[in-house]
Amino acid sequence: GENVEQHPSTLSVQEGDSAVIKCTYSDSASNYFPWYKQELGKRPQLIIDIRSNVGEKKDQRIAVTLNKTAKHFSLHITETQPEDSAVYFCAASKGPDYKLSFGAGTTVTVRA
Amino acid sequence: EAGVAQSPRYKIIEKRQSVAFWCNPISGHATLYWYQQILGQGPKLLIQFQNNGVVDDSQLPKDRFSAERLKGVDSTLKIQPAKLEDSAVYLCASSLSQGADSPLHFGNGTRLTVT
């Protein structure tokens with residue numbers, strides 16, 4: 001099955017700086033890559049996703065890039081704010097059932 | 001729209017006891033998932049339903065875990081007997097369908113502690 005590795009496991013950044021989280025996947029057939037944000041004690045929530053026919057996608061301060069050849073994708077958060085502090089999970093999936101395989105998560109702490 | 005509802009929020013049991021979790025997905029969502037999230041790890045899929053049929057239960061420890069979605073709406077997940085390593089948050093999620101255009105919506109989860 002699909003194996004998703006996520007790095008780093010923890011990330012501390014100064015408010016206003018950028019944060020980058022990287023994930024690699026093993027199944028070259030995977031074609032859908034969502035990112036979830038989970039605040040302490042709350043449910044994971046989808047923040048952005050990318051499909052394999054696109055190399056980059058942006059939504060305000062967050063962006064995701066995908067390198068199909070290298071089988072890795074990354075989440076970029078610019079101008080970090082205290083409310084960005086959370087655990088971020090990457091995931092990979094493919095059709096027909098698009099079953100998500102999650103990475104282990106990255107705990108992001110934004111220092112004021 | 002109302003989100004995915006789960007109960008109970010917390011549960012503490014002793015090993016070898018049984019426990020059941022309940023999930024009510026978002027109205028109209030045909031696909032329902034149960035995930036196990038062990039502390040410090042990403043969610044791991046236990047079982048996926050499409051309406052009232054099982055799509056994937058390959059990672060469900062069937063000797064102790066069972067799940068059902070009899071009427072294609074709400075679902076229950078049962079553990080019997082529980083082991084210490086079952087301590088985790090059990091997340092239910094639902095989506096309109098199985099496609100990539102149908103993102104998962106998670107419930108708040110049930111935190112299970114087995115002592």
# chains A, B, ... in the order shown; residues from 1 in each chain; ligands from 1
call {"tool": "residues_around", "arguments": {"residues": "A:Tyr36", "least_positions_apart": "2", "cutoff": "8 Å", "atoms": "only C-alpha atoms", "output": "list in words"}}
result
Pro34, Gln38, Pro44, Gln45, Leu46, Ile47, Ile48, Tyr88, Phe89 and Cys90 of chain A
call {"tool": "write_last_selection", "arguments": {"atoms": "all heavy atoms", "output": "PDB file, in the first residue's frame"}}
result
ATOM      1  N   PRO A  34      -4.125  15.932  -0.383  1.00  0.00           N
ATOM      2  CA  PRO A  34      -4.691  16.983   0.483  1.00  0.00           C
ATOM      3  C   PRO A  34      -3.814  17.244   1.700  1.00  0.00           C
ATOM      4  O   PRO A  34      -3.012  16.397   2.097  1.00  0.00           O
ATOM      5  CB  PRO A  34      -6.033  16.370   0.909  1.00  0.00           C
ATOM      6  CG  PRO A  34      -5.757  14.896   0.940  1.00  0.00           C
ATOM      7  CD  PRO A  34      -4.707  14.626  -0.119  1.00  0.00           C
ATOM      8  N   GLN A  38      -4.873  20.316  12.102  1.00  0.00           N
ATOM      9  CA  GLN A  38      -5.570  19.862  13.298  1.00  0.00           C
ATOM     10  C   GLN A  38      -5.109  20.672  14.499  1.00  0.00           C
ATOM     11  O   GLN A  38      -3.973  20.504  14.971  1.00  0.00           O
ATOM     12  CB  GLN A  38      -5.341  18.362  13.540  1.00  0.00           C
ATOM     13  CG  GLN A  38      -6.171  17.796  14.677  1.00  0.00           C
ATOM     14  CD  GLN A  38      -6.032  16.284  14.800  1.00  0.00           C
ATOM     15  OE1 GLN A  38      -5.019  15.700  14.441  1.00  0.00           O
ATOM     16  NE2 GLN A  38      -7.086  15.632  15.301  1.00  0.00           N
ATOM     17  N   PRO A  44      -9.437  17.241  12.390  1.00  0.00           N
ATOM     18  CA  PRO A  44      -8.637  17.651  11.227  1.00  0.00           C
ATOM     19  C   PRO A  44      -9.535  18.360  10.217  1.00  0.00           C
ATOM     20  O   PRO A  44     -10.663  17.935   9.970  1.00  0.00           O
ATOM     21  CB  PRO A  44      -8.128  16.324  10.660  1.00  0.00           C
ATOM     22  CG  PRO A  44      -8.275  15.333  11.761  1.00  0.00           C
ATOM     23  CD  PRO A  44      -9.475  15.784  12.544  1.00  0.00           C
ATOM     24  N   GLN A  45      -9.002  19.434   9.628  1.00  0.00           N
ATOM     25  CA  GLN A  45      -9.773  20.174   8.621  1.00  0.00           C
ATOM     26  C   GLN A  45      -8.925  20.368   7.377  1.00  0.00           C
ATOM     27  O   GLN A  45      -7.741  20.728   7.470  1.00  0.00           O
ATOM     28  CB  GLN A  45     -10.233  21.516   9.179  1.00  0.00           C
ATOM     29  CG  GLN A  45     -11.287  21.371  10.281  1.00  0.00           C
ATOM     30  CD  GLN A  45     -11.968  22.680  10.624  1.00  0.00           C
ATOM     31  OE1 GLN A  45     -11.292  23.626  10.995  1.00  0.00           O
ATOM     32  NE2 GLN A  45     -13.283  22.745  10.480  1.00  0.00           N
ATOM     33  N   LEU A  46      -9.550  20.147   6.229  1.00  0.00           N
ATOM     34  CA  LEU A  46      -8.864  20.309   4.953  1.00  0.00           C
ATOM     35  C   LEU A  46      -8.527  21.781   4.735  1.00  0.00           C
ATOM     36  O   LEU A  46      -9.385  22.651   4.873  1.00  0.00           O
ATOM     37  CB  LEU A  46      -9.762  19.815   3.818  1.00  0.00           C
ATOM     38  CG  LEU A  46      -9.219  19.960   2.405  1.00  0.00           C
ATOM     39  CD1 LEU A  46      -8.064  18.999   2.171  1.00  0.00           C
ATOM     40  CD2 LEU A  46     -10.327  19.719   1.382  1.00  0.00           C
ATOM     41  N   ILE A  47      -7.259  22.069   4.401  1.00  0.00           N
ATOM     42  CA  ILE A  47      -6.871  23.461   4.161  1.00  0.00           C
ATOM     43  C   ILE A  47      -6.520  23.709   2.698  1.00  0.00           C
ATOM     44  O   ILE A  47      -6.725  24.804   2.176  1.00  0.00           O
ATOM     45  CB  ILE A  47      -5.711  23.900   5.066  1.00  0.00           C
ATOM     46  CG1 ILE A  47      -4.500  22.966   4.936  1.00  0.00           C
ATOM     47  CG2 ILE A  47      -6.163  24.009   6.522  1.00  0.00           C
ATOM     48  CD1 ILE A  47      -3.252  23.484   5.644  1.00  0.00           C
ATOM     49  N   ILE A  48      -6.009  22.712   2.025  1.00  0.00           N
ATOM     50  CA  ILE A  48      -5.663  22.860   0.618  1.00  0.00           C
ATOM     51  C   ILE A  48      -5.406  21.474   0.040  1.00  0.00           C
ATOM     52  O   ILE A  48      -5.059  20.556   0.788  1.00  0.00           O
ATOM     53  CB  ILE A  48      -4.438  23.787   0.423  1.00  0.00           C
ATOM     54  CG1 ILE A  48      -4.295  24.242  -1.044  1.00  0.00           C
ATOM     55  CG2 ILE A  48      -3.167  23.131   0.921  1.00  0.00           C
ATOM     56  CD1 ILE A  48      -3.296  25.372  -1.237  1.00  0.00           C
ATOM     57  N   TYR A  88      -0.076  19.649  11.255  1.00  0.00           N
ATOM     58  CA  TYR A  88      -0.426  19.575   9.840  1.00  0.00           C
ATOM     59  C   TYR A  88      -0.137  18.170   9.327  1.00  0.00           C
ATOM     60  O   TYR A  88       0.932  17.617   9.567  1.00  0.00           O
ATOM     61  CB  TYR A  88       0.369  20.607   9.035  1.00  0.00           C
ATOM     62  CG  TYR A  88      -0.029  22.028   9.354  1.00  0.00           C
ATOM     63  CD1 TYR A  88       0.465  22.674  10.486  1.00  0.00           C
ATOM     64  CD2 TYR A  88      -0.918  22.721   8.536  1.00  0.00           C
ATOM     65  CE1 TYR A  88       0.083  23.976  10.792  1.00  0.00           C
ATOM     66  CE2 TYR A  88      -1.303  24.022   8.836  1.00  0.00           C
ATOM     67  CZ  TYR A  88      -0.795  24.634   9.965  1.00  0.00           C
ATOM     68  OH  TYR A  88      -1.180  25.921  10.261  1.00  0.00           O
ATOM     69  N   PHE A  89      -1.105  17.606   8.624  1.00  0.00           N
ATOM     70  CA  PHE A  89      -0.962  16.271   8.052  1.00  0.00           C
ATOM     71  C   PHE A  89      -1.049  16.342   6.530  1.00  0.00           C
ATOM     72  O   PHE A  89      -1.952  16.980   5.983  1.00  0.00           O
ATOM     73  CB  PHE A  89      -2.077  15.338   8.530  1.00  0.00           C
ATOM     74  CG  PHE A  89      -2.030  15.014   9.994  1.00  0.00           C
ATOM     75  CD1 PHE A  89      -2.817  15.701  10.895  1.00  0.00           C
ATOM     76  CD2 PHE A  89      -1.202  13.996  10.472  1.00  0.00           C
ATOM     77  CE1 PHE A  89      -2.787  15.406  12.243  1.00  0.00           C
ATOM     78  CE2 PHE A  89      -1.163  13.702  11.825  1.00  0.00           C
ATOM     79  CZ  PHE A  89      -1.955  14.410  12.705  1.00  0.00           C
ATOM     80  N   CYS A  90      -0.128  15.673   5.861  1.00  0.00           N
ATOM     81  CA  CYS A  90      -0.264  15.485   4.431  1.00  0.00           C
ATOM     82  C   CYS A  90      -0.884  14.111   4.190  1.00  0.00           C
ATOM     83  O   CYS A  90      -0.877  13.258   5.079  1.00  0.00           O
ATOM     84  CB  CYS A  90       1.087  15.584   3.727  1.00  0.00           C
ATOM     85  SG  CYS A  90       2.291  14.317   4.225  1.00  0.00           S
TER      86      CYS A  90
END
call {"tool": "residues_around", "arguments": {"residues": "A:Asp49", "least_positions_apart": "2", "cutoff": "12 Å", "atoms": "only C-alpha atoms", "output": "PyMOL selection string"}}
result
(chain A and resi 31-37+45-47+51-52+54-59+62-66+73-75+89-93) or (chain B and resi 100-104)
call {"tool": "residues_around", "arguments": {"residues": "A:Thr107", "least_positions_apart": "2", "cutoff": "7 Å", "atoms": "only C-alpha atoms", "output": "PyMOL selection string"}}
result
chain A and resi 9-11+86-88+105+109
call {"tool": "write_last_selection", "arguments": {"atoms": "N, CA, C and O atoms", "output": "compact mmCIF listing (two decimals), in the first residue's frame"}}
result
# COMPACT_ATOMS: atom_id res chain seq x y z
N SER A 9 9.05 16.60 11.95
CA SER A 9 7.98 16.23 12.87
C SER A 9 7.56 17.43 13.73
O SER A 9 6.41 17.51 14.16
N THR A 10 8.49 18.33 13.98
CA THR A 10 8.17 19.58 14.69
C THR A 10 8.86 20.73 13.98
O THR A 10 9.94 20.57 13.41
N LEU A 11 8.22 21.89 14.05
CA LEU A 11 8.75 23.07 13.37
C LEU A 11 8.36 24.30 14.19
O LEU A 11 7.18 24.51 14.45
N ALA A 86 -0.46 24.52 14.92
CA ALA A 86 -1.33 23.35 14.83
C ALA A 86 -0.47 22.17 14.38
O ALA A 86 0.72 22.31 14.11
N VAL A 87 -1.11 21.01 14.26
CA VAL A 87 -0.48 19.86 13.63
C VAL A 87 -0.99 19.79 12.19
O VAL A 87 -2.20 19.87 11.95
N TYR A 88 -0.08 19.65 11.25
CA TYR A 88 -0.43 19.57 9.84
C TYR A 88 -0.14 18.17 9.33
O TYR A 88 0.93 17.62 9.57
N GLY A 105 2.47 13.65 10.57
CA GLY A 105 2.13 14.97 11.09
C GLY A 105 3.33 15.83 11.43
O GLY A 105 4.41 15.30 11.75
N THR A 109 4.75 25.41 15.55
CA THR A 109 4.58 26.40 16.61
C THR A 109 5.07 27.75 16.09
O THR A 109 6.22 27.85 15.63
call {"tool": "atom_distance", "arguments": {"atom1": "atom CA of A:Thr69", "atom2": "atom CA of A:Ser18"}}
result
25.2 Å
call {"tool": "interface_residues", "arguments": {"of": "chain B", "to": "chain A", "cutoff": "10 Å", "atoms": "only C-alpha atoms", "output": "VMD selection string"}}
result
chain B and resid 4 31 33 37 to 45 47 to 48 50 55 to 56 91 to 93 97 to 109 111
call {"tool": "write_last_selection", "arguments": {"atoms": "C-alpha atoms", "output": "compact mmCIF listing (two decimals), in the first residue's frame"}}
result
# COMPACT_ATOMS: atom_id res chain seq x y z
CA VAL B 4 -20.11 14.92 11.57
CA THR B 31 -19.19 7.54 2.12
CA TYR B 33 -14.85 6.29 7.24
CA GLN B 37 -5.31 8.15 15.41
CA ILE B 38 -2.69 7.04 17.90
CA LEU B 39 -0.96 9.88 19.77
CA GLY B 40 1.78 11.39 17.63
CA GLN B 41 0.70 9.62 14.45
CA GLY B 42 -1.45 10.37 11.46
CA PRO B 43 -4.94 8.91 11.14
CA LYS B 44 -5.03 5.31 9.92
CA LEU B 45 -8.05 4.07 8.01
CA ILE B 47 -12.91 0.85 7.49
CA GLN B 48 -14.67 2.64 4.64
CA GLN B 50 -20.17 3.34 0.65
CA VAL B 55 -15.51 -0.74 0.50
CA ASP B 56 -12.31 -1.44 2.44
CA LEU B 91 -12.25 9.65 14.12
CA CYS B 92 -15.27 9.30 11.93
CA ALA B 93 -15.34 11.12 8.60
CA SER B 97 -18.81 10.23 -2.59
CA GLN B 98 -15.48 8.46 -3.05
CA GLY B 99 -14.02 10.84 -5.61
CA ALA B 100 -11.20 13.33 -5.17
CA ASP B 101 -13.77 16.10 -5.59
CA SER B 102 -15.42 14.98 -2.35
CA PRO B 103 -13.23 16.09 0.55
CA LEU B 104 -13.44 14.35 3.90
CA HIS B 105 -15.21 16.04 6.78
CA PHE B 106 -14.07 14.76 10.17
CA GLY B 107 -15.92 14.55 13.44
CA ASN B 108 -14.34 15.62 16.73
CA GLY B 109 -13.44 12.05 17.55
CA ARG B 111 -10.70 9.60 22.78
call {"tool": "closest_residue", "arguments": {"among": "B:Glu85, B:Tyr90, B:Thr110, B:Phe49", "to": "B:Glu14", "atoms": "only C-alpha atoms"}}
result
B:Glu85
call {"tool": "residues_around", "arguments": {"residues": "A:His72", "least_positions_apart": "6", "cutoff": "7 Å", "atoms": "only C-alpha atoms", "output": "number ranges by chain"}}
result
A: 23-25, 66
call {"tool": "select_by_dssp", "arguments": {"residues": "stretch 20-51 of chain A", "states": "strand (DSSP E or B)", "output": "JSON, numbers by chain"}}
result
{"A": [20, 21, 22, 23, 24, 25, 32, 33, 34, 35, 36, 37, 38, 45, 46, 47, 48, 49, 50, 51]}
call {"tool": "atom_distance", "arguments": {"atom1": "atom CA of A:Ala19", "atom2": "atom CA of A:Asn53"}}
result
24.6 Å
call {"tool": "closest_residue", "arguments": {"among": "B:Ser18, B:Gln36, B:Gln6, B:Ser66", "to": "B:Val89", "atoms": "only C-alpha atoms"}}
result
B:Gln36
call {"tool": "atom_distance", "arguments": {"atom1": "atom CA of B:Ser58", "atom2": "atom CA of A:Asn3"}}
result
15.3 Å
call {"tool": "residues_around", "arguments": {"residues": "B:Thr113", "least_positions_apart": "6", "cutoff": "10 Å", "atoms": "only C-alpha atoms", "output": "ChimeraX atom specification"}}
result
/B:10-15,82-89
call {"tool": "residues_around", "arguments": {"residues": "A:Pro82", "least_positions_apart": "4", "cutoff": "7 Å", "atoms": "only C-alpha atoms", "output": "list in words"}}
result
Glu15, Val110, Arg111 and Ala112 of chain A
call {"tool": "decode", "arguments": {"residues": "stretch 16-30 of chain B", "atoms": "all heavy atoms", "output": "PDB file, in the first residue's frame"}}
result
ATOM      1  N   ARG B  16      -9.767  -5.764  28.095  1.00  0.00           N
ATOM      2  CA  ARG B  16     -10.683  -6.903  27.968  1.00  0.00           C
ATOM      3  C   ARG B  16     -12.154  -6.497  28.032  1.00  0.00           C
ATOM      4  O   ARG B  16     -13.011  -7.332  27.771  1.00  0.00           O
ATOM      5  CB  ARG B  16     -10.386  -8.016  28.981  1.00  0.00           C
ATOM      6  CG  ARG B  16      -9.077  -8.735  28.718  1.00  0.00           C
ATOM      7  CD  ARG B  16      -8.896  -9.930  29.648  1.00  0.00           C
ATOM      8  NE  ARG B  16      -8.659  -9.506  31.017  1.00  0.00           N
ATOM      9  CZ  ARG B  16      -7.468  -9.214  31.514  1.00  0.00           C
ATOM     10  NH1 ARG B  16      -6.394  -9.281  30.718  1.00  0.00           N
ATOM     11  NH2 ARG B  16      -7.308  -8.866  32.765  1.00  0.00           N
ATOM     12  N   GLN B  17     -12.435  -5.236  28.353  1.00  0.00           N
ATOM     13  CA  GLN B  17     -13.815  -4.779  28.282  1.00  0.00           C
ATOM     14  C   GLN B  17     -14.173  -4.443  26.834  1.00  0.00           C
ATOM     15  O   GLN B  17     -13.316  -4.412  25.946  1.00  0.00           O
ATOM     16  CB  GLN B  17     -14.015  -3.545  29.176  1.00  0.00           C
ATOM     17  CG  GLN B  17     -14.038  -3.857  30.661  1.00  0.00           C
ATOM     18  CD  GLN B  17     -14.387  -2.645  31.500  1.00  0.00           C
ATOM     19  OE1 GLN B  17     -14.003  -1.517  31.203  1.00  0.00           O
ATOM     20  NE2 GLN B  17     -15.138  -2.877  32.565  1.00  0.00           N
ATOM     21  N   SER B  18     -15.439  -4.209  26.607  1.00  0.00           N
ATOM     22  CA  SER B  18     -15.895  -3.833  25.272  1.00  0.00           C
ATOM     23  C   SER B  18     -16.344  -2.375  25.273  1.00  0.00           C
ATOM     24  O   SER B  18     -16.668  -1.795  26.314  1.00  0.00           O
ATOM     25  CB  SER B  18     -17.036  -4.746  24.822  1.00  0.00           C
ATOM     26  OG  SER B  18     -18.138  -4.586  25.695  1.00  0.00           O
ATOM     27  N   VAL B  19     -16.340  -1.789  24.083  1.00  0.00           N
ATOM     28  CA  VAL B  19     -16.724  -0.383  23.935  1.00  0.00           C
ATOM     29  C   VAL B  19     -17.310  -0.179  22.547  1.00  0.00           C
ATOM     30  O   VAL B  19     -16.969  -0.913  21.597  1.00  0.00           O
ATOM     31  CB  VAL B  19     -15.497   0.534  24.163  1.00  0.00           C
ATOM     32  CG1 VAL B  19     -14.428   0.329  23.094  1.00  0.00           C
ATOM     33  CG2 VAL B  19     -15.904   1.991  24.269  1.00  0.00           C
ATOM     34  N   ALA B  20     -18.202   0.801  22.437  1.00  0.00           N
ATOM     35  CA  ALA B  20     -18.808   1.115  21.145  1.00  0.00           C
ATOM     36  C   ALA B  20     -18.815   2.621  20.933  1.00  0.00           C
ATOM     37  O   ALA B  20     -19.029   3.395  21.875  1.00  0.00           O
ATOM     38  CB  ALA B  20     -20.226   0.565  21.067  1.00  0.00           C
ATOM     39  N   PHE B  21     -18.565   3.005  19.698  1.00  0.00           N
ATOM     40  CA  PHE B  21     -18.565   4.409  19.313  1.00  0.00           C
ATOM     41  C   PHE B  21     -19.635   4.611  18.246  1.00  0.00           C
ATOM     42  O   PHE B  21     -19.871   3.732  17.422  1.00  0.00           O
ATOM     43  CB  PHE B  21     -17.201   4.828  18.726  1.00  0.00           C
ATOM     44  CG  PHE B  21     -16.026   4.386  19.526  1.00  0.00           C
ATOM     45  CD1 PHE B  21     -14.986   3.697  18.925  1.00  0.00           C
ATOM     46  CD2 PHE B  21     -15.934   4.664  20.875  1.00  0.00           C
ATOM     47  CE1 PHE B  21     -13.886   3.287  19.652  1.00  0.00           C
ATOM     48  CE2 PHE B  21     -14.840   4.254  21.616  1.00  0.00           C
ATOM     49  CZ  PHE B  21     -13.810   3.560  21.002  1.00  0.00           C
ATOM     50  N   TRP B  22     -20.216   5.800  18.264  1.00  0.00           N
ATOM     51  CA  TRP B  22     -21.293   6.102  17.322  1.00  0.00           C
ATOM     52  C   TRP B  22     -20.929   7.296  16.455  1.00  0.00           C
ATOM     53  O   TRP B  22     -20.267   8.228  16.915  1.00  0.00           O
ATOM     54  CB  TRP B  22     -22.573   6.382  18.115  1.00  0.00           C
ATOM     55  CG  TRP B  22     -23.732   6.824  17.286  1.00  0.00           C
ATOM     56  CD1 TRP B  22     -24.589   6.058  16.567  1.00  0.00           C
ATOM     57  CD2 TRP B  22     -24.165   8.176  17.110  1.00  0.00           C
ATOM     58  NE1 TRP B  22     -25.539   6.838  15.952  1.00  0.00           N
ATOM     59  CE2 TRP B  22     -25.290   8.144  16.264  1.00  0.00           C
ATOM     60  CE3 TRP B  22     -23.721   9.407  17.579  1.00  0.00           C
ATOM     61  CZ2 TRP B  22     -25.970   9.300  15.891  1.00  0.00           C
ATOM     62  CZ3 TRP B  22     -24.385  10.554  17.203  1.00  0.00           C
ATOM     63  CH2 TRP B  22     -25.517  10.489  16.359  1.00  0.00           C
ATOM     64  N   CYS B  23     -21.372   7.259  15.201  1.00  0.00           N
ATOM     65  CA  CYS B  23     -21.089   8.356  14.275  1.00  0.00           C
ATOM     66  C   CYS B  23     -22.321   8.652  13.422  1.00  0.00           C
ATOM     67  O   CYS B  23     -22.931   7.724  12.864  1.00  0.00           O
ATOM     68  CB  CYS B  23     -19.917   7.998  13.364  1.00  0.00           C
ATOM     69  SG  CYS B  23     -19.617   9.191  12.020  1.00  0.00           S
ATOM     70  N   ASN B  24     -22.653   9.928  13.307  1.00  0.00           N
ATOM     71  CA  ASN B  24     -23.711  10.360  12.397  1.00  0.00           C
ATOM     72  C   ASN B  24     -23.079  11.291  11.365  1.00  0.00           C
ATOM     73  O   ASN B  24     -22.640  12.381  11.711  1.00  0.00           O
ATOM     74  CB  ASN B  24     -24.820  11.079  13.159  1.00  0.00           C
ATOM     75  CG  ASN B  24     -26.049  11.304  12.295  1.00  0.00           C
ATOM     76  OD1 ASN B  24     -26.123  10.825  11.172  1.00  0.00           O
ATOM     77  ND2 ASN B  24     -27.003  12.018  12.824  1.00  0.00           N
ATOM     78  N   PRO B  25     -22.992  10.873  10.114  1.00  0.00           N
ATOM     79  CA  PRO B  25     -22.301  11.695   9.107  1.00  0.00           C
ATOM     80  C   PRO B  25     -23.141  12.899   8.690  1.00  0.00           C
ATOM     81  O   PRO B  25     -24.299  13.048   9.096  1.00  0.00           O
ATOM     82  CB  PRO B  25     -22.142  10.716   7.944  1.00  0.00           C
ATOM     83  CG  PRO B  25     -23.341   9.820   8.054  1.00  0.00           C
ATOM     84  CD  PRO B  25     -23.557   9.657   9.540  1.00  0.00           C
ATOM     85  N   ILE B  26     -22.542  13.735   7.884  1.00  0.00           N
ATOM     86  CA  ILE B  26     -23.266  14.863   7.306  1.00  0.00           C
ATOM     87  C   ILE B  26     -24.377  14.325   6.402  1.00  0.00           C
ATOM     88  O   ILE B  26     -24.150  13.358   5.657  1.00  0.00           O
ATOM     89  CB  ILE B  26     -22.306  15.780   6.529  1.00  0.00           C
ATOM     90  CG1 ILE B  26     -21.325  16.445   7.498  1.00  0.00           C
ATOM     91  CG2 ILE B  26     -23.069  16.831   5.722  1.00  0.00           C
ATOM     92  CD1 ILE B  26     -20.216  17.236   6.836  1.00  0.00           C
ATOM     93  N   SER B  27     -25.538  14.938   6.484  1.00  0.00           N
ATOM     94  CA  SER B  27     -26.687  14.469   5.714  1.00  0.00           C
ATOM     95  C   SER B  27     -26.368  14.413   4.229  1.00  0.00           C
ATOM     96  O   SER B  27     -25.838  15.362   3.645  1.00  0.00           O
ATOM     97  CB  SER B  27     -27.866  15.417   5.952  1.00  0.00           C
ATOM     98  OG  SER B  27     -28.982  15.021   5.180  1.00  0.00           O
ATOM     99  N   GLY B  28     -26.682  13.267   3.638  1.00  0.00           N
ATOM    100  CA  GLY B  28     -26.464  13.104   2.203  1.00  0.00           C
ATOM    101  C   GLY B  28     -25.114  12.536   1.832  1.00  0.00           C
ATOM    102  O   GLY B  28     -24.869  12.233   0.656  1.00  0.00           O
ATOM    103  N   HIS B  29     -24.223  12.405   2.803  1.00  0.00           N
ATOM    104  CA  HIS B  29     -22.901  11.848   2.516  1.00  0.00           C
ATOM    105  C   HIS B  29     -22.969  10.332   2.430  1.00  0.00           C
ATOM    106  O   HIS B  29     -23.317   9.663   3.393  1.00  0.00           O
ATOM    107  CB  HIS B  29     -21.896  12.277   3.590  1.00  0.00           C
ATOM    108  CG  HIS B  29     -21.384  13.666   3.393  1.00  0.00           C
ATOM    109  ND1 HIS B  29     -20.235  14.126   4.005  1.00  0.00           N
ATOM    110  CD2 HIS B  29     -21.849  14.684   2.635  1.00  0.00           C
ATOM    111  CE1 HIS B  29     -20.024  15.386   3.625  1.00  0.00           C
ATOM    112  NE2 HIS B  29     -20.992  15.739   2.795  1.00  0.00           N
ATOM    113  N   ALA B  30     -22.621   9.808   1.262  1.00  0.00           N
ATOM    114  CA  ALA B  30     -22.732   8.370   1.041  1.00  0.00           C
ATOM    115  C   ALA B  30     -21.552   7.594   1.615  1.00  0.00           C
ATOM    116  O   ALA B  30     -21.678   6.428   1.948  1.00  0.00           O
ATOM    117  CB  ALA B  30     -22.848   8.096  -0.461  1.00  0.00           C
TER     118      ALA B  30
END
